[in-house]
Structures are given as C-alpha cells and as structure tokens.
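With mmCIF, C-alpha atoms inside, this is protein-v9.cif:
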```cif
data_start
#
loop_
_atom_site.group_PDB
_atom_site.id
_atom_site.type_symbol
_atom_site.label_atom_id
_atom_site.label_comp_id
_atom_site.auth_asym_id
_atom_site.auth_seq_id
_atom_site.Cartn_x
_atom_site.Cartn_y
_atom_site.Cartn_z
ATOM 1 C CA MET F 1 12.280 41.344 -51.193
ATOM 2 C CA GLN F 2 11.092 39.999 -47.869
ATOM 3 C CA GLY F 3 10.335 36.507 -49.229
ATOM 4 C CA GLU F 4 13.779 36.278 -50.742
ATOM 5 C CA ASP F 5 15.369 37.119 -47.378
ATOM 6 C CA LEU F 6 13.596 34.174 -45.707
ATOM 7 C CA ILE F 7 14.658 31.528 -48.245
ATOM 8 C CA PRO F 8 18.167 30.981 -46.784
ATOM 9 C CA HIS F 9 16.611 30.543 -43.327
ATOM 10 C CA LEU F 10 13.813 28.215 -44.482
ATOM 11 C CA PRO F 11 15.474 24.964 -43.285
ATOM 12 C CA TRP F 12 15.920 26.444 -39.804
ATOM 13 C CA ILE F 13 12.322 27.652 -39.701
ATOM 14 C CA ILE F 14 11.040 24.211 -40.728
ATOM 15 C CA ALA F 15 13.310 22.510 -38.175
ATOM 16 C CA ALA F 16 12.071 24.836 -35.421
ATOM 17 C CA ALA F 17 8.428 24.166 -36.339
ATOM 18 C CA LEU F 18 9.019 20.400 -36.322
ATOM 19 C CA ALA F 19 10.854 20.613 -32.993
ATOM 20 C CA LEU F 20 7.980 22.543 -31.422
ATOM 21 C CA GLY F 21 5.478 20.025 -32.762
ATOM 22 C CA ALA F 22 7.505 17.082 -31.476
ATOM 23 C CA ALA F 23 7.914 18.746 -28.074
ATOM 24 C CA GLY F 24 4.150 19.209 -27.860
ATOM 25 C CA VAL F 25 3.435 15.588 -28.756
ATOM 26 C CA PHE F 26 6.022 14.220 -26.325
ATOM 27 C CA GLY F 27 4.741 16.552 -23.601
ATOM 28 C CA TRP F 28 1.190 15.282 -24.132
ATOM 29 C CA ILE F 29 2.385 11.650 -24.025
ATOM 30 C CA HIS F 30 4.354 12.293 -20.832
ATOM 31 C CA THR F 31 1.409 14.055 -19.171
ATOM 32 C CA THR F 32 -0.929 11.207 -20.094
ATOM 33 C CA ARG F 33 1.528 8.663 -18.728
ATOM 34 C CA LEU F 34 1.763 10.556 -15.433
ATOM 35 C CA ARG F 35 -2.031 10.808 -15.206
ATOM 36 C CA ILE F 36 -2.347 7.055 -15.692
ATOM 37 C CA LYS F 37 0.441 6.336 -13.204
ATOM 38 C CA HIS F 38 -1.117 8.464 -10.460
ATOM 39 C CA GLY F 39 -4.734 7.488 -11.108
ATOM 40 C CA TYR F 40 -6.077 10.757 -12.501
ATOM 41 C CA PRO F 41 -8.890 10.604 -15.049
ATOM 42 C CA LEU F 42 -7.839 10.779 -18.673
ATOM 43 C CA GLU F 43 -8.991 13.638 -20.873
ATOM 44 C CA GLY F 44 -9.742 13.791 -24.560
ATOM 45 C CA MET F 45 -8.356 16.272 -27.032
ATOM 46 C CA TRP F 46 -10.632 19.113 -25.891
ATOM 47 C CA GLY F 47 -10.576 18.370 -22.167
ATOM 48 C CA GLN F 48 -13.610 16.081 -22.017
ATOM 49 C CA SER F 49 -13.303 13.209 -19.573
ATOM 50 C CA LEU F 50 -12.733 9.773 -21.074
ATOM 51 C CA LYS F 51 -14.476 7.114 -19.013
ATOM 52 C CA PRO F 52 -14.661 3.407 -19.712
ATOM 53 C CA SER F 53 -18.103 2.197 -20.684
ATOM 54 C CA SER F 54 -20.014 0.478 -17.912
ATOM 55 C CA ASP F 55 -22.551 -1.581 -19.780
ATOM 56 C CA GLY F 56 -24.014 -4.888 -18.599
ATOM 57 C CA GLN F 57 -21.564 -6.944 -20.639
ATOM 58 C CA THR F 58 -18.608 -5.342 -18.916
ATOM 59 C CA ALA F 59 -20.081 -5.947 -15.458
ATOM 60 C CA GLU F 60 -20.824 -9.569 -16.350
ATOM 61 C CA ARG F 61 -17.295 -10.043 -17.640
ATOM 62 C CA VAL F 62 -15.818 -8.562 -14.459
ATOM 63 C CA THR F 63 -17.962 -10.951 -12.395
ATOM 64 C CA LEU F 64 -16.837 -13.954 -14.445
ATOM 65 C CA LEU F 65 -13.189 -12.920 -14.222
ATOM 66 C CA THR F 66 -13.504 -12.433 -10.465
ATOM 67 C CA GLN F 67 -14.972 -15.925 -10.089
ATOM 68 C CA GLU F 68 -12.278 -17.420 -12.292
ATOM 69 C CA ASN F 69 -9.629 -15.594 -10.283
ATOM 70 C CA ALA F 70 -11.012 -17.045 -7.031
ATOM 71 C CA GLU F 71 -11.053 -20.552 -8.526
ATOM 72 C CA LEU F 72 -7.485 -20.219 -9.761
ATOM 73 C CA ARG F 73 -6.325 -18.928 -6.382
ATOM 74 C CA ALA F 74 -7.953 -21.908 -4.651
ATOM 75 C CA GLU F 75 -6.344 -24.289 -7.139
ATOM 76 C CA LEU F 76 -2.980 -22.608 -6.616
ATOM 77 C CA GLY F 77 -3.374 -23.003 -2.850
ATOM 78 C CA SER F 78 -4.082 -26.726 -3.203
ATOM 79 C CA MET F 79 -1.102 -27.090 -5.569
ATOM 80 C CA LYS F 80 1.132 -25.404 -3.000
ATOM 81 C CA ASP F 81 -0.102 -27.833 -0.346
ATOM 82 C CA ARG F 82 0.494 -30.801 -2.628
ATOM 83 C CA LEU F 83 3.981 -29.542 -3.481
ATOM 84 C CA ALA F 84 4.786 -29.133 0.212
ATOM 85 C CA ASN F 85 3.643 -32.719 0.833
ATOM 86 C CA VAL F 86 5.739 -34.033 -2.056
ATOM 87 C CA GLU F 87 8.784 -32.120 -0.810
ATOM 88 C CA ARG F 88 8.245 -33.512 2.680
ATOM 89 C CA ILE F 89 7.916 -37.066 1.344
ATOM 90 C CA VAL F 90 11.002 -36.744 -0.835
ATOM 91 C CA THR F 91 13.178 -35.261 1.868
ATOM 92 C CA ASP F 92 11.863 -37.518 4.648
ATOM 93 C CA SER F 93 12.225 -40.668 2.546
ATOM 94 C CA GLY F 94 15.840 -39.839 1.807
ATOM 95 C CA PHE F 95 16.543 -39.176 5.462
ATOM 96 C CA GLN F 96 14.789 -42.366 6.550
ATOM 97 C CA LEU F 97 16.603 -44.356 3.877
ATOM 98 C CA THR F 98 19.942 -43.061 5.112
ATOM 99 C CA ASN F 99 19.036 -43.981 8.692
ATOM 100 C CA GLU F 100 17.921 -47.462 7.565
ATOM 101 C CA ILE F 101 21.208 -48.036 5.699
ATOM 102 C CA ASP F 102 23.204 -46.887 8.718
ATOM 103 C CA ARG F 103 21.167 -49.169 10.997
ATOM 104 C CA LEU F 104 21.807 -52.162 8.715
ATOM 105 C CA ARG F 105 25.545 -51.391 8.594
ATOM 106 C CA ASP F 106 25.631 -51.198 12.363
ATOM 107 C CA GLN F 107 23.877 -54.585 12.577
ATOM 108 C CA GLN F 108 26.405 -56.140 10.176
ATOM 109 C CA GLU F 109 29.334 -54.780 12.177
ATOM 110 C CA VAL F 110 27.888 -56.177 15.401
ATOM 111 C CA ASN F 111 27.295 -59.661 13.894
#
```
Go ahead and render the structure in this file as structure tokens.
Amino acid sequence: MQGEDLIPHLPWIIAAALALGAAGVFGWIHTTRLRIKHGYPLEGMWGQSLKPSSDGQTAERVTLLTQENAELRAELGSMKDRLANVERIVTDSGFQLTNEIDRLRDQQEVN
C-alpha cells in the first residue's frame, strides 16, 4: 500500500531531486568562479588542490612569451612615435600651406 500512495506524488519527487541536483551543480560552478576571481587555489572533486604543471616546457614557453611581449611593446612604442610624427607632419603641412596661400594672396593684393 505504501508504494501505491507515492505514485501520484512521483513527478513532484523527481522534480525536487532534479532541482536539488541542479542547485548543487550551480552552487559548485558559482563557488569555483568566485575562487578564480579572487585568486584562491582551485580544488578537485575531493578537496585536493589542483595546481598547474610546472615542467621545463612551460617555463621555456613563459620565457619565450615574455620576450615576445617585450618585443611587441617596443614595436608598439616605435609605431606610436611614428604615428605622432605623421600626425605632426600632416597637421603642420596643412597649417603651413594655409599660411603660404594667405601670404600669396596678400602679395597679389599689394601688387
């Protein structure tokens, strides 16, 4: 008789179990996101610490990326300087051209 009493409530029991499972998964995802955001170490399923491997290849790659980053920053700095020079040339040339035209007009009016 007890099993027959639960059958009408079975959809609600299944829905409650699924809701609890989903809440647990979303809670774990949220906790992991907060740990990452605030710099705490990540943990595995049973609480063991998950650390990135620090083999020689990784260290070499970090060194290469650091060097490449420095080169790109230097190149970006030179590009900024070149752009500033081009902007100065473009704006100064236009200003000088306007002054030259005005000077020639003034000479024509005088003659």
So how many Å separate CA of Gly27 in chain F and CA of Gly47 in chain F, to one decimal?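 Result for CA of Gly27 in chain F versus CA of Gly47 in chain F: 15.5 Å, one decimal.
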What does the distance from CA of Glu43 in chain F to CA of His30 in chain F come to in Å, to one decimal? 13.4 Å
Atom pair CA of Thr32 in chain F / CA of Gly44 in chain F: separation (Å):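 Answer for the CA of Thr32 in chain F to CA of Gly44 in chain F separation: 10.2 Å.
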